[in-house]
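Peer 1: Below is one structure. I have some questions about it.
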Amino acid sequence: MKNKERVLKPLGKIKGGIKVPHHKTTSEFESIVLAPPEKVTISMSQHIGAPCEPTVSVGDKVFVGSVVGDSAAFISAPIHSSVSGEVSEITTIRMPAGNEVKAVVITSDGEMTPDPEIKPPKVETVDDLVAAARASGLVGLGGAGFPAHVKLKPSEDKPLDTLIINGAECEPFITSDYRECMEHPEDILNGVYLIKKLLNIENVIIAVEDNKPAAIKTLYEIAADEKRDPADKVKLMKLKSRYPQGAEKVLIYSATKRKLPLGKLPSDIGCIVMNITSVSFLYRYIKTGMPLVTKRITVDGNAVLEPKNFIAPIGTPISYVLEQAKAENPEKVLMGGPMMGIAIYDTSLPVLKQNNAILAFTGNAAKSKPTTDCIRCGRCLRACPMGLAPASVDLAVKNPKVEELNALNVMYCIECGSCAFCCPAGRPLTAVMRLAKNEVRKAGK
């Protein structure tokens with residue numbers, strides 16, 4: 001490779017963090033398009049912000065890409081049908097976090113007919129880009145689910161100078177973003193250049209962990225094109241493979257050495273952070289007009305006989321996905337990765353926009369560590385990338401005093417799970433941190 005100076009080293013060194021086993025067994029498994037199930041259940045809450053209300057009624061005919069839910073709220077995103085067929089039910093489902101939300105159930109006709117109204121949007125200005133991002137239903141596809149059009153809405157008093165593309169994918173097992181790099185590198189780079197141009201952003205950093213050499217090579221060969229980037233403003237950054245390298249605050253610090261204050265957005269410090277699959281999808285939407293109706297998910301775990309990367313219609317029952325990968329008697333199923341994923345109680349729950357993995361475990365892998373008393377070893381403090389003291393929070397939350405919890409800076413916790421992972425006493429420290437944050441929120445402080 002020539003022009004090796006294009007591959008940057010991190011400016012900021014991650015503090016804390018942990019080495020986790022990669023288990024990237026599906027990294028070289030090309031994505032398989034999953035046949036649609038008989039029914040899909042489209043949740044009206046698949047993003048941070050206000051949930052949508054159904055825009056269809058029982059008996060309505062819908063197509064692939066038809067809008068079935070929307071909201072007037074700014075922080076929200078429309079939701080589309082992933083199959084063609086008939087609306088058979090408007091119901092309520094309980095999500096993994098315990099909240100109940102409305103859902104549209106669609107019986108598929110098996111034909112997967114695109115909505116005849118679909119056409120590529122005209123995108124020539126920033127406002128066009130923001131409108132297209134919203135109309136596409138795009139939310140952060142790395143797991144956070146933040147509506148993309150909100151990120152892309154510029155503010156005159158907050159000039160942006162850096163676009164950070166998050167391709168770290170630091171959780172074990174998950175390879176969905178890696179497969180995007182390998183299968184659609186041109187869409188990623190075209191999306192990058194489009195956003196850079198319309199938002200007038202000077203610098204672009206595509207950040208990838210060093211345990212993905214094939215992705216680094218593929219993205220480098222396109223990013224190093226001097227005709228598209230004569231000023232050499234689009235660069236690749238090779239990150240050290242250390243969890244949670246892909247967390248937004250950690251990634252911003254690694255890429256720019258800027259610290260994101262509590263309660264602030266990346267735009268407050270001149271940055272936009274976008275998941276690498278999100279950027280790729282946005283370009284495809286502008287090219288084709290097809291909104292977000294499918295999601296690539298890694299299916300793996302020791303209860304899965306045939307691990308795969310599937311491209312599944314959004315709303316597909318998780319049980320159906322597990323059947324296609326020949327999962328046998330899983331005792332624990334996670335929506336997401338083993339560090340930040342959520343254990344689900346019911347596999348009839350649907351695939352969501354922000355899902356990037358379904359993991360199924362059995363035997364010892366499905367069991368939690370036995371919990372014993374804290375031995376005051378300090379490993380959780382050393383592992384925390386935000387410099388917090390989870391063991392102290394564990395003590396304080398038993399008789400919570402908001403002032404004490406605030407003094408321990410619990411609201412800075414990014415819930416990455418590093419503390420619980422390294423605790424030799426098996427303390428549920430991540431759950432403790434969530435509980436502490438909820439106590440602070442309830443007190444309005």
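Labels for the structure tokens follow display order: chains A, B, ..., residues from 1 in each chain, ligands from 1.
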Give one line per residue of stretch 217-328 of chain A that approaches stretch 378-398 of chain A to at most 9 Å, naming the two atoms of the closest pair and their distance in Å to one decimal, counting only C-alpha atoms; sort by chain then ascending residue number and deliver it as a Markdown table.
Peer 2:
```
| residue | atom | partner | partner_atom | distance |
| --- | --- | --- | --- | --- |
| A:Pro244 | CA | A:Pro385 | CA | 7.7 |
| A:Lys249 | CA | A:Met386 | CA | 8.9 |
| A:Val250 | CA | A:Pro385 | CA | 7.4 |
```
Peer 1: I need the residues from that last selection saved to file as a CSV table (one decimal), in the first residue's frame (with N, CA and C atoms), if you can.
Peer 2:
```
chain,number,residue,atom,x,y,z
A,244,PRO,N,-14.4,-1.0,25.6
A,244,PRO,CA,-15.4,-0.7,24.6
A,244,PRO,C,-15.0,0.4,23.6
A,249,LYS,N,-18.4,8.0,23.4
A,249,LYS,CA,-17.5,8.9,24.1
A,249,LYS,C,-16.0,8.5,23.9
A,250,VAL,N,-15.8,7.1,24.0
A,250,VAL,CA,-14.5,6.6,23.9
A,250,VAL,C,-14.0,6.8,22.5
```
Peer 1: Mind checking which residues fall within 7 Å of A:Ser43, counting only C-alpha atoms, ignoring those fewer than 5 positions away in the same chain, and posting them as an MDAnalysis selection string?
Peer 2: chainID A and resid 101:104
Peer 1: Write out as a list in words each polymer residue whose atoms come within 6 Å of stretch 147-159 of chain A, counting only C-alpha atoms; drop sequence neighbours fewer than 4 positions from it.
Peer 2: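 Result of the neighbour search: Val130, Ala133, Arg134, Leu138, Val139 and Gly270 of chain A.
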Peer 1: Rank nothing, just name the residue among A:Met340, A:Ala72, A:Ala247, A:Val234 nearest to A:Gly17, using only C-alpha atoms.
Peer 2: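 The shortest atom-to-atom distance to A:Gly17 comes from A:Ala247.
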Peer 1: Write out as a PyMOL selection string all residues of stretch 81-199 of chain A that backbone DSSP assigns to strand (DSSP E).
Peer 2: chain A and resi 85-94+100-108+162-167
Peer 1: Between stretch 216-322 of chain A and stretch 193-196 of chain A, at 10 Å or less, what are the per-residue closest atom pairs and their distances in Å? Count only C-alpha atoms, order by chain and rising residue number, and return it as a tab-separated table.
Peer 2:
```
residue	atom	partner	partner_atom	distance
A:Ala223	CA	A:Tyr193	CA	9.9
A:Arg228	CA	A:Tyr193	CA	8.3
A:Asp229	CA	A:Tyr193	CA	8.8
A:Lys233	CA	A:Lys196	CA	9.7
A:Val234	CA	A:Tyr193	CA	8.5
A:Val279	CA	A:Ile195	CA	8.5
A:Leu282	CA	A:Ile195	CA	9.6
A:Tyr283	CA	A:Leu194	CA	8.0
```
Peer 1: When you look at A:Ile165 with a cut-off of 8 Å (counting only C-alpha atoms), what residues show up, excluding the ones that are within fewer than 6 positions of it in the same chain? I need them as a ChimeraX atom specification.
Peer 2: /A:204-207,273-276,279
Peer 1: Write a file of the just-selected residues containing N, CA and C atoms, as a PDB file, in the first residue's frame.
Peer 2:
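Saved the output as result_33.pdb:
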```pdb
ATOM      1  N   VAL A 204     -12.751  13.596   7.826  1.00  0.00           N
ATOM      2  CA  VAL A 204     -13.484  12.350   8.043  1.00  0.00           C
ATOM      3  C   VAL A 204     -12.510  11.311   8.564  1.00  0.00           C
ATOM      4  N   ILE A 205     -12.891  10.646   9.650  1.00  0.00           N
ATOM      5  CA  ILE A 205     -12.081   9.560  10.207  1.00  0.00           C
ATOM      6  C   ILE A 205     -12.929   8.297  10.221  1.00  0.00           C
ATOM      7  N   ILE A 206     -12.478   7.283   9.475  1.00  0.00           N
ATOM      8  CA  ILE A 206     -13.141   5.977   9.477  1.00  0.00           C
ATOM      9  C   ILE A 206     -12.373   5.100  10.460  1.00  0.00           C
ATOM     10  N   ALA A 207     -13.007   4.797  11.587  1.00  0.00           N
ATOM     11  CA  ALA A 207     -12.319   4.110  12.669  1.00  0.00           C
ATOM     12  C   ALA A 207     -12.679   2.628  12.690  1.00  0.00           C
ATOM     13  N   VAL A 273     -20.869  11.465  14.884  1.00  0.00           N
ATOM     14  CA  VAL A 273     -20.464  10.055  14.895  1.00  0.00           C
ATOM     15  C   VAL A 273     -21.581   9.242  14.260  1.00  0.00           C
ATOM     16  N   MET A 274     -21.240   8.486  13.218  1.00  0.00           N
ATOM     17  CA  MET A 274     -22.231   7.652  12.557  1.00  0.00           C
ATOM     18  C   MET A 274     -21.702   6.228  12.404  1.00  0.00           C
ATOM     19  N   ASN A 275     -22.585   5.277  12.645  1.00  0.00           N
ATOM     20  CA  ASN A 275     -22.242   3.881  12.433  1.00  0.00           C
ATOM     21  C   ASN A 275     -21.965   3.624  10.954  1.00  0.00           C
ATOM     22  N   ILE A 276     -21.037   2.724  10.676  1.00  0.00           N
ATOM     23  CA  ILE A 276     -20.603   2.505   9.295  1.00  0.00           C
ATOM     24  C   ILE A 276     -21.718   1.929   8.420  1.00  0.00           C
ATOM     25  N   VAL A 279     -24.234   4.817   7.456  1.00  0.00           N
ATOM     26  CA  VAL A 279     -23.765   5.646   6.335  1.00  0.00           C
ATOM     27  C   VAL A 279     -23.995   4.923   5.015  1.00  0.00           C
TER      28      VAL A 279
END
```
Peer 1: With only C-alpha atoms as the atoms that count, which of A:Asp177, A:Asp70, A:Glu53, A:Glu86 lies nearest to A:Ala135?
Peer 2: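 Checking each of A:Asp177, A:Asp70, A:Glu53, A:Glu86 against A:Ala135, counting only C-alpha atoms, the winner is A:Asp70.
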Peer 1: Of the residues A:Asn211, A:Asn190, A:Thr25, A:Ser418, which is the one nearest to A:Phe281, using only C-alpha atoms?
Peer 2: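 For A:Phe281, the nearest of the given residues is A:Asn190.
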Peer 1: To one decimal place, how far is atom CA of A:Leu163 from atom CA of A:Asn203 in Å?
Peer 2: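 Separation between atom CA of A:Leu163 and atom CA of A:Asn203: 6.3 Å.
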Peer 1: Go through stretch 315-438 of chain A and collect every residue that DSSP, computed from the backbone, puts in helix (DSSP H, G or I); the answer should be as a compact mmCIF listing (two decimals) with C-alpha atoms, in the first residue's frame.
Peer 2:
```txt
# COMPACT_ATOMS: atom_id res chain seq x y z
CA ILE A 318 -36.58 -14.05 16.75
CA SER A 319 -37.73 -17.67 17.05
CA TYR A 320 -37.94 -17.86 13.23
CA VAL A 321 -34.40 -16.49 12.90
CA LEU A 322 -33.06 -19.02 15.41
CA GLU A 323 -34.78 -21.86 13.53
CA GLN A 324 -32.98 -20.87 10.31
CA GLY A 363 -24.96 -24.95 29.48
CA ASN A 364 -22.33 -23.02 31.41
CA ALA A 365 -22.30 -20.24 28.80
CA ALA A 366 -25.93 -19.46 29.70
CA ARG A 379 -10.56 -4.33 39.07
CA CYS A 380 -13.87 -2.62 38.23
CA LEU A 381 -12.31 0.80 38.78
CA ARG A 382 -9.35 -0.03 36.54
CA ALA A 383 -11.65 -1.44 33.85
CA PRO A 390 -18.60 0.81 40.47
CA ALA A 391 -17.83 -0.94 43.77
CA SER A 392 -18.45 2.30 45.64
CA VAL A 393 -21.71 2.79 43.77
CA ASP A 394 -22.67 -0.79 44.70
CA LEU A 395 -22.40 0.21 48.37
CA ALA A 396 -24.08 3.59 47.95
CA VAL A 402 -28.77 11.27 45.28
CA GLU A 403 -26.03 13.65 46.41
CA GLU A 404 -23.69 10.72 47.09
CA LEU A 405 -24.52 9.08 43.74
CA ASN A 406 -23.88 12.36 41.94
CA ALA A 407 -20.58 12.71 43.77
CA VAL A 410 -22.90 7.74 38.06
CA MET A 411 -24.51 9.61 35.16
CA TYR A 412 -21.22 9.32 33.26
CA SER A 418 -16.68 -3.87 31.62
CA CYS A 419 -17.01 -3.71 35.41
CA ALA A 420 -19.29 -6.74 35.67
CA PHE A 421 -17.17 -8.70 33.17
CA CYS A 422 -13.98 -8.39 35.20
CA LEU A 429 -22.25 -4.08 38.67
CA THR A 430 -23.72 -2.96 35.34
CA ALA A 431 -27.24 -3.50 36.70
CA VAL A 432 -26.21 -1.60 39.84
CA MET A 433 -25.02 1.36 37.76
CA ARG A 434 -28.32 1.39 35.83
CA LEU A 435 -30.23 1.36 39.11
CA ALA A 436 -28.13 4.23 40.47
CA LYS A 437 -28.73 6.29 37.32
CA ASN A 438 -32.47 5.68 37.62
```
Peer 1: Set the distance at 12 Å and use only C-alpha atoms: which residues neighbour A:Ile344 once local chain neighbours fewer than 5 positions away are removed? I'd like the list as number ranges by chain.
Peer 2: A: 94-98, 318-319, 330-336, 349-351, 358-360
Peer 1: Save out the residues we just selected, C-alpha atoms, as an mmCIF file, in the first residue's frame.
Peer 2:
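The resulting file, out_27.cif, is reproduced below:
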```cif
data_model
loop_
_atom_site.group_PDB
_atom_site.id
_atom_site.type_symbol
_atom_site.label_atom_id
_atom_site.label_comp_id
_atom_site.auth_asym_id
_atom_site.auth_seq_id
_atom_site.Cartn_x
_atom_site.Cartn_y
_atom_site.Cartn_z
ATOM 1 C CA ARG A 94 -43.891 -5.989 25.800
ATOM 2 C CA MET A 95 -40.340 -5.080 24.858
ATOM 3 C CA PRO A 96 -37.235 -6.655 26.467
ATOM 4 C CA ALA A 97 -36.862 -3.637 28.781
ATOM 5 C CA GLY A 98 -40.389 -4.275 30.103
ATOM 6 C CA ILE A 318 -36.577 -14.051 16.753
ATOM 7 C CA SER A 319 -37.735 -17.672 17.049
ATOM 8 C CA PRO A 330 -31.144 -22.334 24.042
ATOM 9 C CA GLU A 331 -31.281 -21.509 27.732
ATOM 10 C CA LYS A 332 -30.419 -17.836 27.249
ATOM 11 C CA VAL A 333 -31.090 -15.641 24.202
ATOM 12 C CA LEU A 334 -29.583 -12.173 23.870
ATOM 13 C CA MET A 335 -30.749 -9.365 21.629
ATOM 14 C CA GLY A 336 -27.370 -7.781 20.886
ATOM 15 C CA LEU A 349 -40.369 -10.824 20.013
ATOM 16 C CA PRO A 350 -39.494 -9.220 16.659
ATOM 17 C CA VAL A 351 -36.227 -8.139 15.091
ATOM 18 C CA ILE A 358 -29.109 -12.577 18.227
ATOM 19 C CA LEU A 359 -27.012 -14.840 20.436
ATOM 20 C CA ALA A 360 -28.210 -18.138 21.908
#
```
Peer 1: In Å to one decimal, how far is atom CA of A:Asp109 from atom CA of A:Leu292?
Peer 2: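 Pair atom CA of A:Leu292 / atom CA of A:Asp109 returns 19.6 Å.
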Peer 1: So, with only C-alpha atoms as the atoms that count, which of A:Asp60, A:His80, A:Phe310, A:Ile32 lies closest to A:Pro114?
Peer 2: A:His80
Peer 1: Tell me which protein, DNA and RNA residues are within 8 Å of A:Met290, counting only C-alpha atoms, leaving out same-chain ones fewer than 3 positions away, and put them as a PDB file with N, CA and C atoms, in the first residue's frame.
Peer 2:
```pdb
ATOM      1  N   GLY A  65     -41.926  -1.305   2.147  1.00  0.00           N
ATOM      2  CA  GLY A  65     -41.575   0.115   2.144  1.00  0.00           C
ATOM      3  C   GLY A  65     -42.732   1.043   2.445  1.00  0.00           C
ATOM      4  N   ILE A 118     -42.537   4.273  -4.093  1.00  0.00           N
ATOM      5  CA  ILE A 118     -41.111   4.426  -3.779  1.00  0.00           C
ATOM      6  C   ILE A 118     -40.344   4.981  -4.978  1.00  0.00           C
ATOM      7  N   LYS A 119     -39.552   5.992  -4.728  1.00  0.00           N
ATOM      8  CA  LYS A 119     -38.663   6.538  -5.751  1.00  0.00           C
ATOM      9  C   LYS A 119     -37.482   7.212  -5.064  1.00  0.00           C
ATOM     10  N   PRO A 120     -36.329   7.274  -5.707  1.00  0.00           N
ATOM     11  CA  PRO A 120     -35.153   7.894  -5.081  1.00  0.00           C
ATOM     12  C   PRO A 120     -35.414   9.370  -4.794  1.00  0.00           C
ATOM     13  N   SER A 136     -36.343   7.906   5.299  1.00  0.00           N
ATOM     14  CA  SER A 136     -35.831   6.531   5.178  1.00  0.00           C
ATOM     15  C   SER A 136     -36.091   5.702   6.427  1.00  0.00           C
ATOM     16  N   ARG A 284     -27.562   4.102  -0.012  1.00  0.00           N
ATOM     17  CA  ARG A 284     -28.427   3.199  -0.810  1.00  0.00           C
ATOM     18  C   ARG A 284     -29.855   3.723  -0.888  1.00  0.00           C
ATOM     19  N   TYR A 285     -30.322   4.317   0.210  1.00  0.00           N
ATOM     20  CA  TYR A 285     -31.679   4.887   0.177  1.00  0.00           C
ATOM     21  C   TYR A 285     -31.760   6.025  -0.829  1.00  0.00           C
ATOM     22  N   VAL A 293     -36.050  -1.449   5.842  1.00  0.00           N
ATOM     23  CA  VAL A 293     -37.022  -2.538   6.026  1.00  0.00           C
ATOM     24  C   VAL A 293     -36.341  -3.861   6.365  1.00  0.00           C
TER      25      VAL A 293
END
```
Peer 1: Quick one: residues within 12 Å of A:Pro313, only C-alpha atoms, excluding same-chain residues fewer than 3 positions away - as a ChimeraX atom specification?
Peer 2: /A:32-42,64-65,80-84,106,108,112,291-297,310,316-318,320-321,350-353,355
Peer 1: Write the residues of the preceding selection, restricted to N, CA and C atoms, as a compact mmCIF listing (two decimals), in the first residue's frame.
Peer 2:
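File produced: result_25.txt:
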```
# COMPACT_ATOMS: atom_id res chain seq x y z
N ILE A 32 -26.78 -13.78 4.21
CA ILE A 32 -27.82 -14.55 3.54
C ILE A 32 -29.15 -13.82 3.71
N VAL A 33 -29.84 -13.59 2.62
CA VAL A 33 -31.15 -12.95 2.68
C VAL A 33 -32.17 -13.97 3.19
N LEU A 34 -32.80 -13.63 4.28
CA LEU A 34 -33.74 -14.54 4.93
C LEU A 34 -35.11 -14.45 4.26
N ALA A 35 -35.69 -15.60 3.94
CA ALA A 35 -37.04 -15.61 3.38
C ALA A 35 -38.01 -15.03 4.40
N PRO A 36 -39.02 -14.28 3.95
CA PRO A 36 -39.94 -13.65 4.90
C PRO A 36 -40.77 -14.70 5.64
N PRO A 37 -41.06 -14.45 6.93
CA PRO A 37 -41.94 -15.36 7.67
C PRO A 37 -43.39 -15.13 7.27
N GLU A 38 -44.28 -15.95 7.79
CA GLU A 38 -45.71 -15.79 7.47
C GLU A 38 -46.25 -14.47 7.99
N LYS A 39 -45.76 -14.04 9.16
CA LYS A 39 -46.20 -12.78 9.74
C LYS A 39 -45.00 -12.01 10.28
N VAL A 40 -45.08 -10.70 10.20
CA VAL A 40 -44.10 -9.85 10.88
C VAL A 40 -44.84 -8.96 11.87
N THR A 41 -44.16 -8.65 12.96
CA THR A 41 -44.71 -7.76 13.98
C THR A 41 -43.83 -6.52 14.04
N ILE A 42 -44.37 -5.41 13.57
CA ILE A 42 -43.58 -4.18 13.44
C ILE A 42 -43.82 -3.31 14.67
N VAL A 64 -43.85 -3.61 0.57
CA VAL A 64 -42.51 -3.42 1.15
C VAL A 64 -42.14 -1.95 1.02
N GLY A 65 -41.93 -1.31 2.15
CA GLY A 65 -41.58 0.11 2.14
C GLY A 65 -42.73 1.04 2.45
N HIS A 80 -41.62 1.40 8.58
CA HIS A 80 -42.14 0.91 7.31
C HIS A 80 -42.40 -0.59 7.37
N SER A 81 -43.28 -1.03 6.48
CA SER A 81 -43.55 -2.46 6.36
C SER A 81 -42.37 -3.14 5.68
N SER A 82 -42.01 -4.31 6.19
CA SER A 82 -40.88 -5.06 5.62
C SER A 82 -41.35 -6.15 4.66
N VAL A 83 -42.66 -6.35 4.55
CA VAL A 83 -43.23 -7.34 3.63
C VAL A 83 -44.43 -6.73 2.94
N SER A 84 -44.88 -7.37 1.88
CA SER A 84 -46.18 -6.99 1.29
C SER A 84 -47.22 -7.97 1.80
N ILE A 106 -48.48 -7.84 10.33
CA ILE A 106 -48.77 -7.94 8.90
C ILE A 106 -48.62 -9.38 8.45
N SER A 108 -47.92 -11.79 5.59
CA SER A 108 -47.23 -11.67 4.30
C SER A 108 -47.97 -12.42 3.20
N MET A 112 -43.44 -10.04 -1.64
CA MET A 112 -42.45 -8.99 -1.38
C MET A 112 -42.50 -7.89 -2.45
N PRO A 291 -36.74 2.38 1.85
CA PRO A 291 -36.44 2.73 3.24
C PRO A 291 -35.90 1.55 4.03
N LEU A 292 -35.70 1.77 5.33
CA LEU A 292 -35.10 0.75 6.20
C LEU A 292 -36.14 -0.32 6.52
N VAL A 293 -36.05 -1.45 5.84
CA VAL A 293 -37.02 -2.54 6.03
C VAL A 293 -36.34 -3.86 6.37
N THR A 294 -35.02 -3.91 6.29
CA THR A 294 -34.29 -5.13 6.64
C THR A 294 -33.13 -4.77 7.56
N LYS A 295 -32.62 -5.78 8.25
CA LYS A 295 -31.47 -5.56 9.13
C LYS A 295 -30.56 -6.77 9.08
N ARG A 296 -29.25 -6.52 8.91
CA ARG A 296 -28.29 -7.61 8.98
C ARG A 296 -28.04 -7.94 10.45
N ILE A 297 -28.17 -9.21 10.81
CA ILE A 297 -27.95 -9.64 12.18
C ILE A 297 -27.04 -10.86 12.19
N PHE A 310 -27.54 -13.02 8.78
CA PHE A 310 -28.78 -12.96 8.01
C PHE A 310 -29.14 -11.51 7.71
N THR A 316 -39.41 -9.69 11.90
CA THR A 316 -39.34 -11.16 11.89
C THR A 316 -39.24 -11.68 13.32
N PRO A 317 -40.02 -12.70 13.71
CA PRO A 317 -39.88 -13.26 15.06
C PRO A 317 -38.48 -13.81 15.27
N ILE A 318 -37.91 -13.55 16.43
CA ILE A 318 -36.58 -14.05 16.75
C ILE A 318 -36.56 -15.57 16.72
N TYR A 320 -38.08 -17.48 14.64
CA TYR A 320 -37.94 -17.86 13.23
C TYR A 320 -36.48 -17.76 12.80
N VAL A 321 -35.81 -16.68 13.24
CA VAL A 321 -34.40 -16.49 12.90
C VAL A 321 -33.56 -17.61 13.50
N PRO A 350 -39.97 -9.44 18.03
CA PRO A 350 -39.49 -9.22 16.66
C PRO A 350 -38.10 -8.62 16.58
N VAL A 351 -37.47 -8.84 15.43
CA VAL A 351 -36.23 -8.14 15.09
C VAL A 351 -36.53 -6.66 14.95
N LEU A 352 -35.66 -5.81 15.53
CA LEU A 352 -35.83 -4.36 15.47
C LEU A 352 -34.75 -3.74 14.58
N LYS A 353 -34.96 -2.47 14.25
CA LYS A 353 -33.99 -1.77 13.40
C LYS A 353 -32.58 -1.79 13.98
N ASN A 355 -31.24 -3.89 16.10
CA ASN A 355 -30.63 -5.21 16.39
C ASN A 355 -29.43 -5.44 15.48
```
